[in-house]
file model-v8.txt (compact mmCIF, C-alpha atoms)
# COMPACT_ATOMS: atom_id res chain seq x y z
CA MET A 12 176.59 214.43 8.97
CA LYS A 13 178.45 217.09 10.98
CA LEU A 14 176.21 216.40 14.00
CA ARG A 15 176.82 212.66 13.70
CA THR A 16 180.59 213.24 13.50
CA LEU A 17 180.44 215.44 16.60
CA LEU A 18 178.45 212.86 18.57
CA ILE A 19 180.85 210.08 17.58
CA ALA A 20 183.74 212.21 18.84
CA LEU A 21 181.88 212.88 22.10
CA TYR A 22 181.10 209.16 22.43
CA THR A 23 184.78 208.24 22.06
CA PHE A 24 185.83 210.91 24.54
CA PHE A 25 183.21 210.59 27.27
CA ILE A 26 182.16 206.93 27.43
CA PRO A 27 185.08 205.56 29.44
CA LEU A 28 184.64 208.30 32.01
CA THR A 29 180.92 207.65 32.24
CA LEU A 30 181.45 203.92 32.71
CA LEU A 31 183.90 204.74 35.46
CA ALA A 32 181.42 207.00 37.22
CA GLN A 33 178.48 204.63 36.93
CA THR A 34 180.31 201.42 37.75
CA GLN A 35 181.87 202.69 40.96
CA ALA A 36 178.40 203.87 42.10
CA ALA A 37 180.11 206.05 44.68
CA VAL A 38 179.89 209.67 43.62
CA ASN A 39 180.51 212.35 46.20
CA VAL A 40 177.60 214.75 46.59
CA SER A 41 179.68 217.52 48.09
CA GLU A 42 180.59 220.62 46.10
CA GLY A 43 181.44 219.61 42.58
CA GLY A 44 179.92 216.17 43.10
CA TYR A 45 182.99 214.09 42.40
CA GLY A 46 185.14 211.62 44.28
CA LEU A 47 184.81 208.82 46.80
CA VAL A 48 183.54 209.35 50.35
CA LYS A 49 183.20 207.15 53.41
CA THR A 50 179.48 206.48 52.95
CA ASN A 51 177.20 207.63 50.16
CA LEU A 52 173.47 207.06 49.70
CA SER A 53 171.44 208.48 46.81
CA ILE A 54 168.03 208.09 45.19
CA ALA A 55 167.26 209.56 41.77
CA TYR A 56 164.24 209.74 39.47
CA ASP A 57 164.26 211.01 35.91
CA HIS A 58 161.44 211.50 33.44
CA GLY A 59 162.11 211.56 29.73
CA PHE A 60 159.80 212.56 26.89
CA GLY A 61 161.18 210.09 24.37
CA THR A 62 161.47 206.31 24.03
CA ILE A 63 162.91 205.96 27.57
CA GLN A 64 160.29 207.64 29.70
CA ASP A 65 160.99 206.93 33.37
CA GLY A 66 164.13 205.95 35.22
CA PHE A 67 164.83 205.27 38.89
CA SER A 68 168.07 204.45 40.67
CA ALA A 69 169.18 203.88 44.26
CA ARG A 70 172.80 203.36 45.18
CA VAL A 71 174.97 202.98 48.23
CA SER A 72 178.72 202.83 48.77
CA TYR A 73 180.78 202.19 51.88
CA GLU A 74 184.52 202.65 52.23
CA ALA A 75 185.60 199.59 54.19
CA PHE A 76 189.33 200.30 54.34
CA ARG A 77 191.67 203.26 53.89
CA ASN A 78 195.32 204.03 54.51
CA ASN A 79 197.74 206.57 53.04
CA LYS A 80 197.89 204.82 49.65
CA PHE A 81 195.02 202.36 49.35
CA THR A 82 191.21 202.32 49.69
CA LEU A 83 188.62 199.56 49.32
CA THR A 84 184.95 200.44 48.80
CA ALA A 85 181.86 198.24 48.48
CA ASN A 86 179.16 199.42 46.05
CA ALA A 87 175.57 198.43 45.28
CA ARG A 88 173.11 199.94 42.81
CA TYR A 89 169.53 199.22 41.79
CA SER A 90 167.94 200.85 38.75
CA SER A 91 164.85 200.57 36.59
CA SER A 92 164.08 201.88 33.10
CA GLU A 93 160.72 202.11 31.37
CA VAL A 94 161.00 201.99 27.57
CA SER A 95 158.34 202.46 24.91
CA PHE A 96 159.58 201.93 21.36
CA ASN A 97 157.40 202.10 18.27
CA ASN A 98 157.71 199.37 15.66
CA SER A 99 159.53 201.78 13.35
CA ASP A 100 162.16 202.57 16.02
CA LEU A 101 163.94 199.21 15.60
CA ARG A 102 165.86 199.33 12.35
CA ASP A 103 166.44 195.60 11.97
CA GLY A 104 162.82 194.52 11.44
CA PHE A 105 162.16 193.47 15.03
CA ILE A 106 158.91 194.33 16.83
CA PRO A 107 159.67 195.71 20.35
CA ASP A 108 156.64 194.09 22.02
CA LYS A 109 157.35 190.69 20.45
CA ILE A 110 160.93 190.61 21.77
CA ASN A 111 159.91 191.87 25.26
CA LEU A 112 161.83 195.13 24.88
CA ASN A 113 159.00 197.48 25.85
CA GLY A 114 158.01 197.83 29.48
CA THR A 115 159.86 198.31 32.78
CA HIS A 116 163.22 196.57 33.21
CA LEU A 117 165.37 196.22 36.34
CA LEU A 118 169.14 196.09 36.82
CA GLY A 119 171.07 195.26 39.98
CA GLN A 120 174.80 195.81 40.46
CA VAL A 121 177.10 194.79 43.32
CA GLY A 122 180.84 195.31 43.30
CA VAL A 123 184.01 196.59 44.88
CA THR A 124 186.27 199.52 44.01
CA SER A 125 189.88 199.98 45.03
CA THR A 126 192.11 203.00 44.59
CA PHE A 127 195.86 203.38 44.89
CA LYS A 128 198.02 206.50 45.12
CA SER A 129 201.72 206.68 44.33
CA ARG A 130 204.20 208.74 42.26
CA LEU A 131 205.60 208.28 38.76
CA PHE A 132 208.20 210.56 37.11
CA ASN A 133 207.91 212.66 40.25
CA LYS A 134 204.20 213.22 39.49
CA PRO A 135 201.19 211.99 41.50
CA LEU A 136 199.77 208.72 40.14
CA MET A 137 196.19 207.64 40.81
CA ALA A 138 195.04 204.11 39.93
CA MET A 139 191.62 202.53 40.24
CA ALA A 140 190.29 199.00 39.75
CA MET A 141 186.64 197.89 39.86
CA LEU A 142 184.96 194.50 39.86
CA ASN A 143 181.24 194.52 39.28
CA SER A 144 178.50 191.87 39.06
CA GLU A 145 175.24 192.60 37.22
CA TRP A 146 171.79 191.07 37.59
CA GLY A 147 168.65 191.42 35.51
CA ASP A 148 165.81 189.49 33.91
CA GLY A 149 166.64 185.83 34.37
CA GLY A 150 168.99 186.40 37.32
CA PHE A 151 172.77 186.77 37.15
CA ALA A 152 174.08 188.28 33.89
CA ARG A 153 177.84 188.87 34.03
CA ILE A 154 180.91 190.04 35.93
CA SER A 155 182.89 192.89 34.43
CA GLY A 156 185.88 194.96 35.45
CA ILE A 157 187.60 198.28 34.82
CA ALA A 158 191.21 199.27 35.45
CA MET A 159 192.55 202.76 34.98
CA GLY A 160 195.40 205.04 35.89
CA LEU A 161 195.79 208.82 35.90
CA LEU A 162 199.15 210.56 35.91
CA MET A 163 198.52 214.01 37.39
CA LEU A 164 200.56 216.36 35.23
CA ARG A 165 199.36 219.28 37.30
CA ALA A 166 197.99 219.12 40.83
CA ASN A 167 197.76 222.19 43.03
CA ARG A 168 195.05 223.97 44.99
CA THR A 169 193.46 225.57 41.92
CA THR A 170 194.12 223.16 39.04
CA GLN A 171 194.20 219.39 38.65
CA PHE A 172 194.94 217.82 35.27
CA GLY A 173 195.59 214.13 34.65
CA ILE A 174 195.85 211.71 31.74
CA GLY A 175 196.09 207.92 31.50
CA PRO A 176 194.67 204.63 30.16
CA LEU A 177 191.38 202.90 30.95
CA VAL A 178 190.76 199.23 30.13
CA MET A 179 187.42 197.42 30.37
CA ILE A 180 187.24 193.65 30.94
CA ASN A 181 184.35 191.47 29.71
CA THR A 182 182.62 194.46 28.16
CA CYS A 183 180.03 194.90 25.41
CA SER A 184 181.87 197.98 24.15
CA LYS A 185 183.46 197.75 20.71
CA ILE A 186 186.48 199.68 22.02
CA PRO A 187 187.64 198.11 25.33
CA ALA A 188 190.57 200.51 25.94
CA PHE A 189 190.73 204.30 25.94
CA LEU A 190 193.01 207.18 26.77
CA ILE A 191 191.22 209.44 29.26
CA PHE A 192 191.89 212.66 31.11
CA MET A 193 190.35 214.79 33.83
CA TYR A 194 190.50 218.54 34.36
CA ARG A 195 189.36 220.64 37.29
CA HIS A 196 190.13 224.34 37.69
CA ARG A 197 188.90 226.82 40.28
CA LEU A 198 188.68 230.34 38.93
CA ASN A 199 187.79 231.89 42.30
CA ASP A 200 185.68 231.17 45.39
CA LYS A 201 182.47 231.03 43.34
CA TRP A 202 183.43 229.64 39.91
CA LEU A 203 184.73 226.16 39.09
CA ILE A 204 185.33 224.24 35.82
CA ASN A 205 184.90 220.44 35.95
CA LEU A 206 185.60 217.79 33.34
CA TYR A 207 185.46 214.37 34.97
CA GLY A 208 183.48 211.14 34.99
CA GLY A 209 181.64 211.77 31.71
CA MET A 210 180.56 215.20 32.94
CA PHE A 211 181.44 218.72 31.94
CA GLY A 212 180.21 221.68 33.90
CA ILE A 213 180.83 225.28 34.81
CA ASP A 214 179.80 225.53 38.46
CA TYR A 215 178.73 228.68 40.27
CA ASN A 216 178.27 228.88 44.05
CA PRO A 217 176.07 231.89 44.91
CA SER A 218 176.23 230.77 48.56
CA LYS A 219 177.79 228.00 50.62
CA ASN A 220 174.55 225.99 50.39
CA ASP A 221 173.73 226.48 46.70
CA LEU A 222 175.30 225.35 43.44
CA ILE A 223 174.24 226.23 39.89
CA SER A 224 175.86 224.35 37.02
CA VAL A 225 175.59 224.55 33.23
CA GLY A 226 177.19 221.86 31.13
CA ALA A 227 176.61 218.34 29.82
CA ASP A 228 177.06 214.71 30.66
CA VAL A 229 176.85 211.30 29.01
CA ASP A 230 174.08 209.11 30.45
CA ILE A 231 173.95 205.32 30.06
CA LYS A 232 170.79 203.31 30.66
CA ALA A 233 171.21 199.54 30.44
CA PHE A 234 169.37 196.37 31.37
CA TYR A 235 169.16 192.68 30.51
CA PHE A 236 166.07 191.05 29.02
CA LYS A 237 164.97 187.73 27.54
CA PRO A 238 163.63 188.32 24.01
CA GLY A 239 162.15 184.85 23.49
CA TYR A 240 163.00 185.09 19.79
CA GLU A 241 164.68 182.27 17.91
CA THR A 242 167.25 184.40 16.06
CA LEU A 243 168.38 186.21 19.23
CA PRO A 244 170.32 184.90 22.24
CA GLU A 245 168.33 183.66 25.23
CA LYS A 246 169.39 186.75 27.18
CA CYS A 247 170.35 190.13 25.68
CA ARG A 248 171.67 193.46 26.93
CA PHE A 249 170.06 196.78 25.97
CA THR A 250 172.27 199.86 26.15
CA SER A 251 171.25 203.45 25.43
CA THR A 252 173.99 206.07 25.52
CA SER A 253 172.91 209.72 25.39
CA PHE A 254 174.61 213.11 25.38
CA ARG A 255 172.72 215.44 27.72
CA PRO A 256 173.31 219.23 27.67
CA MET A 257 171.69 220.51 30.86
CA ALA A 258 171.33 222.99 33.68
CA LYS A 259 171.50 221.83 37.30
CA TYR A 260 170.71 223.24 40.72
CA ARG A 261 171.98 221.71 43.97
CA ARG A 262 170.78 222.72 47.43
CA ARG A 263 172.27 221.65 50.76
CA LEU A 264 169.16 220.88 52.78
CA MET A 265 171.10 220.14 55.97
CA GLN A 266 174.50 218.78 56.97
CA ASN A 267 175.47 216.03 54.46
CA LEU A 268 172.00 216.03 52.80
CA TYR A 269 171.63 217.41 49.24
CA LEU A 270 168.88 217.91 46.68
CA ASP A 271 169.71 218.02 42.95
CA LEU A 272 167.32 219.25 40.25
CA GLN A 273 168.33 219.21 36.61
CA GLY A 274 166.84 219.35 33.17
CA GLY A 275 167.94 219.47 29.57
CA LEU A 276 167.95 217.60 26.28
CA VAL A 277 168.65 213.92 25.55
CA VAL A 278 170.52 213.34 22.27
CA LYS A 279 171.22 209.80 21.09
CA MET A 280 174.84 208.73 20.76
CA ALA A 281 174.24 204.97 20.59
CA CYS A 282 171.28 202.68 21.20
CA ARG A 283 171.64 198.98 20.59
CA VAL A 284 170.99 195.43 21.70
CA THR A 285 173.88 192.98 22.08
CA GLY A 286 174.53 189.65 23.71
CA VAL A 287 175.45 189.56 27.38
CA HIS A 288 179.19 189.18 26.69
CA SER A 289 179.36 190.32 23.06
CA SER A 290 180.05 193.67 21.40
CA LYS A 291 178.26 192.57 18.20
CA GLU A 292 175.23 194.74 17.53
CA LEU A 293 172.09 192.62 17.10
CA ILE A 294 169.52 195.43 16.98
CA ASN A 295 169.91 199.16 16.39
CA CYS A 296 167.33 201.49 17.95
CA LYS A 297 166.12 204.86 16.74
CA GLN A 298 165.85 207.70 19.27
CA SER A 299 164.92 211.31 18.52
CA PRO A 300 166.20 214.21 20.68
CA SER A 301 163.86 214.84 23.61
CA PRO A 302 163.78 216.84 26.89
CA PHE A 303 164.26 215.32 30.35
CA LEU A 304 163.88 216.25 34.02
CA GLN A 305 165.67 214.65 36.96
CA ALA A 306 165.57 214.91 40.76
CA GLN A 307 168.02 213.34 43.21
CA VAL A 308 168.42 213.24 46.97
CA SER A 309 171.86 212.31 48.34
CA PHE A 310 173.41 211.78 51.73
CA SER A 311 177.14 211.47 52.29
CA LEU A 312 179.58 211.18 55.17
call {"tool": "encode", "arguments": {"input": "model-v8.txt", "output": "structure tokens"}}
result
Amino acid sequence: MKLRTLLIALYTFFIPLTLLAQTQAAVNVSEGGYGLVKTNLSIAYDHGFGTIQDGFSARVSYEAFRNNKFTLTANARYSSSEVSFNNSDLRDGFIPDKINLNGTHLLGQVGVTSTFKSRLFNKPLMAMAMLNSEWGDGGFARISGIAMGLLMLRANRTTQFGIGPLVMINTCSKIPAFLIFMYRHRLNDKWLINLYGGMFGIDYNPSKNDLISVGADVDIKAFYFKPGYETLPEKCRFTSTSFRPMAKYRRRLMQNLYLDLQGGLVVKMACRVTGVHSSKELINCKQSPSPFLQAQVSFSL
């Protein structure tokens, strides 16, 4: 019960940040790995030893416009997930093979992200809005959006701390609005603490080309599928949300080209099937803790 309470607290705290990071599909691969850049390309593969066994993603972002206060970025992402549930893993009496849940599923996302910088109460204000379209089995699935703002209560060369609201539009989440915050603090030239985008890490730079990080993130794997079952909608959305304590190593292979290797443990926070536009849980899925490995190659300008 204590573990479940802890995971629920982590779910409430991290999910909005993770949705922000995944929806924008434009994560900087420079030191720390956070923020928007002019152009970002990345390919990642992860292997799990549980019900979700293999995942692949490729994403690209391009900053089309920037001035002193405003940016506009185009994003695209393609991902696949291979799932293998046993009959006993679905707690609502459904058979995974009969509802077309098992197998490899694809998800495509195309959208735009805009940011805005200003000041409020004599403090820096950062705002972000995202519009995203999603595609899966059966073609187009939905358009969703996210709007957020961060009031930077502290912002200097060593420490950045901000807090603000995040609102999701046309979401399957049961809680469409959150209060979020980010924290980043540099202890010295080699040590950095990051809490941002559904990720927490203590980063160590042994050299200018290497980064070692220990921490955790929240990973979301989602796709749309057609169950072909009379008591379910024609098209459904599967969402698996996991808490992942991990260790990571990043190597700068050459200018603007990075390799990331990471591994750890996948712990279920939520796993469910809903309608495309609904937050009502139709099926609940069982997932046991399991290890994972992931490799990613990124290029940024």
call {"tool": "atom_distance", "arguments": {"input": "model-v8.txt", "atom1": "atom CA of A:Met193", "atom2": "atom CA of A:Leu162"}}
result
10.0 Å
call {"tool": "residues_near_point", "arguments": {"input": "model-v8.txt", "point": "(172.9, 208.9, 19.8)", "cutoff": "7 Å", "atoms": "all atoms listed in the file", "output": "PyMOL selection string"}}
result
chain A and resi 18+252-253+278-282
call {"tool": "closest_residue", "arguments": {"input": "model-v8.txt", "among": "A:Ala85, A:Ile63, A:Ala138, A:Leu243", "to": "A:Gly114", "atoms": "all atoms listed in the file"}}
result
A:Ile63
call {"tool": "atom_distance", "arguments": {"input": "model-v8.txt", "atom1": "atom CA of A:Leu131", "atom2": "atom CA of A:Phe211"}}
result
27.2 Å
call {"tool": "residues_near_point", "arguments": {"input": "model-v8.txt", "point": "(171.9, 206.9, 51.1)", "cutoff": "12 Å", "atoms": "only C-alpha atoms", "output": "ChimeraX atom specification"}}
result
/A:36-40,48-55,68-73,86-88,267-269,307-312
